[in-house]
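First the structure, in the form of structure tokens, and then the observations on it.
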Amino acid sequence: GPLRLDVVTIFPDYLRVLDLSLIGRAHADGLLDLHVHDLRDWTHDRHRTVDDTPIGGGAGMVMKPDVWGSALDDVLAAPLPAAPASAEVAEPTKVASLPAPRRVLVIPTPSGELFTQRTAENLAGADQLVFACGRYEGIDARVAEHYASSGVEVHELSIGDYVLNGGEAAVLVMIEAIARLRPGVLGNPESIVEESHTGAGLLEYPVYTRPVAWRGLDLAATEPVLLSGDHARIDRHRRDQAVARTAVRRPDLMARLDPARLDAGDRAA
Ligand code: ADE
């Protein structure tokens, strides 16, 4: 069935851009089931308090575990969207044998494991992703610990080695990377296979379109192979450019290339 996405945040308006473009369209088409929640709906006091000072002292504020616990208990128990009706799954004997849904709690934090294309591929296979957006200095660490020890799959994830003011922008990044891997969300599934960070682990080769000559940059002079019509040579040339570009821009990726996916031409380039 469709992937259910829940985002819990104190800034629900920040996530409204999800209603636009790819994600909003997929939601409208029933491929995704998106819910944005205001954390303050689960506060217990008149001031709708979500944070408190750190135990042990220090700068900033920490988000309260009791408020997060109330919110996440509810959201992790929410009904999941049914797969489109079909005679096969409507069969009572088959309903009884359905596996438990895979509900995942994602906590964006600069102290998390790195979110990569591999992470996106893994999370795209879940039934529900719940994103808990922390602000200030983060969420009381017992929240992640509690859900992990209660059998929930918990991932504390960073989108990169820089610090944002909160998890909201990181969640937009993760949802876009994950949603486009779901069947039917991306227009052209072929563009998933060829792109950077998949396949051999190389960056993409440079791409060009008409006009062939533009502002003194003439592909007939600089990229004659691309105009040759010889597709074997074009593939080899592009692959060489991908290897060269990866070596210059991402030496870290170069060092970790999968040798099984490299050919003799790659090693020569
Ligand atoms: N929250 C603040 N900085 C972050 C980062 N780099 N990744 C994920 N969540 C964050």
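Ordered as shown in the structure tokens, chains take letters A, B, and onward, while each chain numbers its residues from 1 and ligands are numbered from 1 in the order shown.
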
Region 228-238 of chain A surroundings by only C-alpha atoms, 8 Å radius, close-in-sequence under 2 positions cut, as a list in words: Tyr205, Pro206, Pro224, Val225, Leu226, Asp240, Gln241, Ala242 and Gly265 of chain A

Spatial neighbours of Thr222 (chain A), max dist 12 Å, only C-alpha atoms, sep filter under 5 positions, as a VMD selection string: chain A and resid 208 212 to 214 216 to 217 227

Those residues you just picked out, can you put them in a file as an mmCIF file, in the first residue's frame with N, CA and C atoms?
```
data_model
loop_
_atom_site.group_PDB
_atom_site.id
_atom_site.type_symbol
_atom_site.label_atom_id
_atom_site.label_comp_id
_atom_site.auth_asym_id
_atom_site.auth_seq_id
_atom_site.Cartn_x
_atom_site.Cartn_y
_atom_site.Cartn_z
ATOM 1 N N TYR A 208 25.007 17.553 -21.785
ATOM 2 C CA TYR A 208 24.906 18.700 -22.695
ATOM 3 C C TYR A 208 23.648 18.572 -23.535
ATOM 4 N N VAL A 212 24.891 23.105 -30.020
ATOM 5 C CA VAL A 212 26.194 22.426 -29.956
ATOM 6 C C VAL A 212 27.312 23.426 -29.632
ATOM 7 N N ALA A 213 27.212 24.642 -30.178
ATOM 8 C CA ALA A 213 28.178 25.697 -29.829
ATOM 9 C C ALA A 213 27.444 26.806 -29.084
ATOM 10 N N TRP A 214 27.940 27.171 -27.894
ATOM 11 C CA TRP A 214 27.277 28.192 -27.057
ATOM 12 C C TRP A 214 28.334 29.030 -26.357
ATOM 13 N N GLY A 216 31.009 30.387 -27.310
ATOM 14 C CA GLY A 216 32.394 30.008 -27.581
ATOM 15 C C GLY A 216 32.757 28.611 -27.102
ATOM 16 N N LEU A 217 31.818 27.930 -26.456
ATOM 17 C CA LEU A 217 32.066 26.553 -25.995
ATOM 18 C C LEU A 217 31.442 25.615 -27.019
ATOM 19 N N LEU A 227 29.125 13.485 -30.506
ATOM 20 C CA LEU A 227 28.480 13.787 -31.787
ATOM 21 C C LEU A 227 28.745 12.696 -32.820
#
```

Could you build a table of the residues in chain A lying no more than 9 Å from ligand 1, giving for each the nearest pair of atoms and their separation in Å rounded to one decimal place, using only C-alpha atoms and all ligand atoms, ordered by chain and ascending residue number, as JSON lines?
```
{"residue": "A:Ile107", "atom": "CA", "partner": "ligand 1", "partner_atom_place_in_ligand_line": "9 (N)", "distance": 7.6}
{"residue": "A:Pro108", "atom": "CA", "partner": "ligand 1", "partner_atom_place_in_ligand_line": "9 (N)", "distance": 3.8}
{"residue": "A:Thr109", "atom": "CA", "partner": "ligand 1", "partner_atom_place_in_ligand_line": "9 (N)", "distance": 3.6}
{"residue": "A:Pro110", "atom": "CA", "partner": "ligand 1", "partner_atom_place_in_ligand_line": "5 (C)", "distance": 4.0}
{"residue": "A:Ser111", "atom": "CA", "partner": "ligand 1", "partner_atom_place_in_ligand_line": "5 (C)", "distance": 7.6}
{"residue": "A:Gly112", "atom": "CA", "partner": "ligand 1", "partner_atom_place_in_ligand_line": "8 (C)", "distance": 7.2}
{"residue": "A:Leu114", "atom": "CA", "partner": "ligand 1", "partner_atom_place_in_ligand_line": "7 (N)", "distance": 8.1}
{"residue": "A:Phe115", "atom": "CA", "partner": "ligand 1", "partner_atom_place_in_ligand_line": "7 (N)", "distance": 8.2}
{"residue": "A:Cys133", "atom": "CA", "partner": "ligand 1", "partner_atom_place_in_ligand_line": "1 (N)", "distance": 8.0}
{"residue": "A:Gly134", "atom": "CA", "partner": "ligand 1", "partner_atom_place_in_ligand_line": "1 (N)", "distance": 7.2}
{"residue": "A:Arg135", "atom": "CA", "partner": "ligand 1", "partner_atom_place_in_ligand_line": "1 (N)", "distance": 7.6}
{"residue": "A:Tyr136", "atom": "CA", "partner": "ligand 1", "partner_atom_place_in_ligand_line": "2 (C)", "distance": 8.9}
{"residue": "A:Glu137", "atom": "CA", "partner": "ligand 1", "partner_atom_place_in_ligand_line": "2 (C)", "distance": 8.8}
{"residue": "A:Gly138", "atom": "CA", "partner": "ligand 1", "partner_atom_place_in_ligand_line": "1 (N)", "distance": 8.1}
{"residue": "A:Glu156", "atom": "CA", "partner": "ligand 1", "partner_atom_place_in_ligand_line": "8 (C)", "distance": 8.4}
{"residue": "A:Leu157", "atom": "CA", "partner": "ligand 1", "partner_atom_place_in_ligand_line": "8 (C)", "distance": 5.8}
{"residue": "A:Ser158", "atom": "CA", "partner": "ligand 1", "partner_atom_place_in_ligand_line": "7 (N)", "distance": 3.4}
{"residue": "A:Ile159", "atom": "CA", "partner": "ligand 1", "partner_atom_place_in_ligand_line": "7 (N)", "distance": 4.1}
{"residue": "A:Gly160", "atom": "CA", "partner": "ligand 1", "partner_atom_place_in_ligand_line": "6 (N)", "distance": 4.7}
{"residue": "A:Asp161", "atom": "CA", "partner": "ligand 1", "partner_atom_place_in_ligand_line": "6 (N)", "distance": 5.6}
{"residue": "A:Tyr162", "atom": "CA", "partner": "ligand 1", "partner_atom_place_in_ligand_line": "6 (N)", "distance": 4.9}
{"residue": "A:Val163", "atom": "CA", "partner": "ligand 1", "partner_atom_place_in_ligand_line": "3 (N)", "distance": 3.9}
{"residue": "A:Leu164", "atom": "CA", "partner": "ligand 1", "partner_atom_place_in_ligand_line": "3 (N)", "distance": 3.8}
{"residue": "A:Asn165", "atom": "CA", "partner": "ligand 1", "partner_atom_place_in_ligand_line": "2 (C)", "distance": 5.5}
{"residue": "A:Gly166", "atom": "CA", "partner": "ligand 1", "partner_atom_place_in_ligand_line": "1 (N)", "distance": 4.6}
{"residue": "A:Gly167", "atom": "CA", "partner": "ligand 1", "partner_atom_place_in_ligand_line": "1 (N)", "distance": 4.3}
{"residue": "A:Glu168", "atom": "CA", "partner": "ligand 1", "partner_atom_place_in_ligand_line": "1 (N)", "distance": 7.6}
{"residue": "A:Ala169", "atom": "CA", "partner": "ligand 1", "partner_atom_place_in_ligand_line": "9 (N)", "distance": 7.7}
{"residue": "A:Ala170", "atom": "CA", "partner": "ligand 1", "partner_atom_place_in_ligand_line": "8 (C)", "distance": 5.0}
{"residue": "A:Val171", "atom": "CA", "partner": "ligand 1", "partner_atom_place_in_ligand_line": "9 (N)", "distance": 7.6}
```

Neighbour list for Val143 (chain A) as a ChimeraX atom specification, cut-off 9 Å, only C-alpha atoms, skip fewer than 4 positions in-chain: /A:64-66,68-69,139,147-148

All alpha helix (DSSP H) residues (DSSP, backbone) inside region 8-197 of chain A, as a PyMOL selection string: chain A and resi 21-28+65-75+87-90+92-96+117-123+142-149+168-179+190-194

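Picture a line from CA of Asp6 (chain A) to CA of Leu123 (chain A); it runs 13.5 Å.
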
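Residues with any atom within 12 Å of Trp42 (chain A), counting only C-alpha atoms and excluding same-chain neighbours fewer than 2 positions away, are Val8, Thr9, Ile10, His37, Asp38, Leu39, Arg40, His44, Asp45, Arg46, His47, Arg48, Thr49, Val50, Lys64, Pro65, Asp66, Val67, Trp68, Gly69, Ser70, Ala71, Leu72, Asp73, Asp74 and Val75 of chain A.
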
How about saving the chosen residues, N, CA and C atoms kept, as an mmCIF file, in the first residue's frame?
```cif
data_model
loop_
_atom_site.group_PDB
_atom_site.id
_atom_site.type_symbol
_atom_site.label_atom_id
_atom_site.label_comp_id
_atom_site.auth_asym_id
_atom_site.auth_seq_id
_atom_site.Cartn_x
_atom_site.Cartn_y
_atom_site.Cartn_z
ATOM 1 N N VAL A 8 6.268 15.281 12.950
ATOM 2 C CA VAL A 8 5.871 15.980 14.171
ATOM 3 C C VAL A 8 6.871 17.104 14.404
ATOM 4 N N THR A 9 6.360 18.338 14.541
ATOM 5 C CA THR A 9 7.212 19.529 14.564
ATOM 6 C C THR A 9 6.511 20.643 15.329
ATOM 7 N N ILE A 10 7.274 21.614 15.836
ATOM 8 C CA ILE A 10 6.634 22.817 16.394
ATOM 9 C C ILE A 10 6.444 23.877 15.304
ATOM 10 N N HIS A 37 2.009 17.173 11.905
ATOM 11 C CA HIS A 37 1.392 17.385 13.226
ATOM 12 C C HIS A 37 2.134 18.471 13.993
ATOM 13 N N ASP A 38 1.376 19.249 14.768
ATOM 14 C CA ASP A 38 1.963 20.235 15.665
ATOM 15 C C ASP A 38 2.233 19.575 17.017
ATOM 16 N N LEU A 39 3.502 19.494 17.396
ATOM 17 C CA LEU A 39 3.878 18.865 18.670
ATOM 18 C C LEU A 39 3.111 19.467 19.841
ATOM 19 N N ARG A 40 2.804 20.763 19.757
ATOM 20 C CA ARG A 40 2.136 21.445 20.887
ATOM 21 C C ARG A 40 0.731 20.903 21.135
ATOM 22 N N HIS A 44 0.760 19.493 27.905
ATOM 23 C CA HIS A 44 -0.181 19.264 29.015
ATOM 24 C C HIS A 44 -0.475 20.544 29.796
ATOM 25 N N ASP A 45 0.197 21.647 29.469
ATOM 26 C CA ASP A 45 0.060 22.861 30.287
ATOM 27 C C ASP A 45 -0.486 24.027 29.477
ATOM 28 N N ARG A 46 -0.895 25.056 30.179
ATOM 29 C CA ARG A 46 -1.505 26.232 29.585
ATOM 30 C C ARG A 46 -0.541 26.939 28.621
ATOM 31 N N HIS A 47 0.756 26.867 28.907
ATOM 32 C CA HIS A 47 1.735 27.556 28.056
ATOM 33 C C HIS A 47 2.213 26.700 26.893
ATOM 34 N N ARG A 48 1.698 25.473 26.813
ATOM 35 C CA ARG A 48 2.052 24.542 25.729
ATOM 36 C C ARG A 48 3.570 24.358 25.649
ATOM 37 N N THR A 49 4.179 24.069 26.797
ATOM 38 C CA THR A 49 5.638 23.971 26.919
ATOM 39 C C THR A 49 6.172 22.698 26.276
ATOM 40 N N VAL A 50 7.183 22.853 25.413
ATOM 41 C CA VAL A 50 7.795 21.690 24.755
ATOM 42 C C VAL A 50 9.239 21.470 25.183
ATOM 43 N N LYS A 64 11.150 18.131 25.823
ATOM 44 C CA LYS A 64 10.654 17.286 26.915
ATOM 45 C C LYS A 64 10.248 15.874 26.442
ATOM 46 N N PRO A 65 10.714 14.850 27.149
ATOM 47 C CA PRO A 65 10.393 13.484 26.723
ATOM 48 C C PRO A 65 8.911 13.139 26.888
ATOM 49 N N ASP A 66 8.245 13.730 27.912
ATOM 50 C CA ASP A 66 6.838 13.379 28.140
ATOM 51 C C ASP A 66 5.958 13.858 26.993
ATOM 52 N N VAL A 67 6.234 15.067 26.475
ATOM 53 C CA VAL A 67 5.441 15.589 25.353
ATOM 54 C C VAL A 67 5.697 14.747 24.109
ATOM 55 N N TRP A 68 6.970 14.472 23.837
ATOM 56 C CA TRP A 68 7.306 13.634 22.677
ATOM 57 C C TRP A 68 6.705 12.230 22.812
ATOM 58 N N GLY A 69 6.725 11.684 24.031
ATOM 59 C CA GLY A 69 6.163 10.342 24.248
ATOM 60 C C GLY A 69 4.682 10.290 23.910
ATOM 61 N N SER A 70 3.933 11.296 24.368
ATOM 62 C CA SER A 70 2.488 11.336 24.073
ATOM 63 C C SER A 70 2.257 11.433 22.562
ATOM 64 N N ALA A 71 3.028 12.301 21.902
ATOM 65 C CA ALA A 71 2.857 12.508 20.457
ATOM 66 C C ALA A 71 3.200 11.234 19.684
ATOM 67 N N LEU A 72 4.352 10.648 20.014
ATOM 68 C CA LEU A 72 4.828 9.510 19.219
ATOM 69 C C LEU A 72 4.016 8.252 19.480
ATOM 70 N N ASP A 73 3.516 8.071 20.720
ATOM 71 C CA ASP A 73 2.623 6.935 20.997
ATOM 72 C C ASP A 73 1.418 6.989 20.052
ATOM 73 N N ASP A 74 0.826 8.162 19.937
ATOM 74 C CA ASP A 74 -0.360 8.323 19.081
ATOM 75 C C ASP A 74 -0.016 8.096 17.608
ATOM 76 N N VAL A 75 1.035 8.756 17.152
ATOM 77 C CA VAL A 75 1.337 8.719 15.715
ATOM 78 C C VAL A 75 1.803 7.326 15.283
#
```
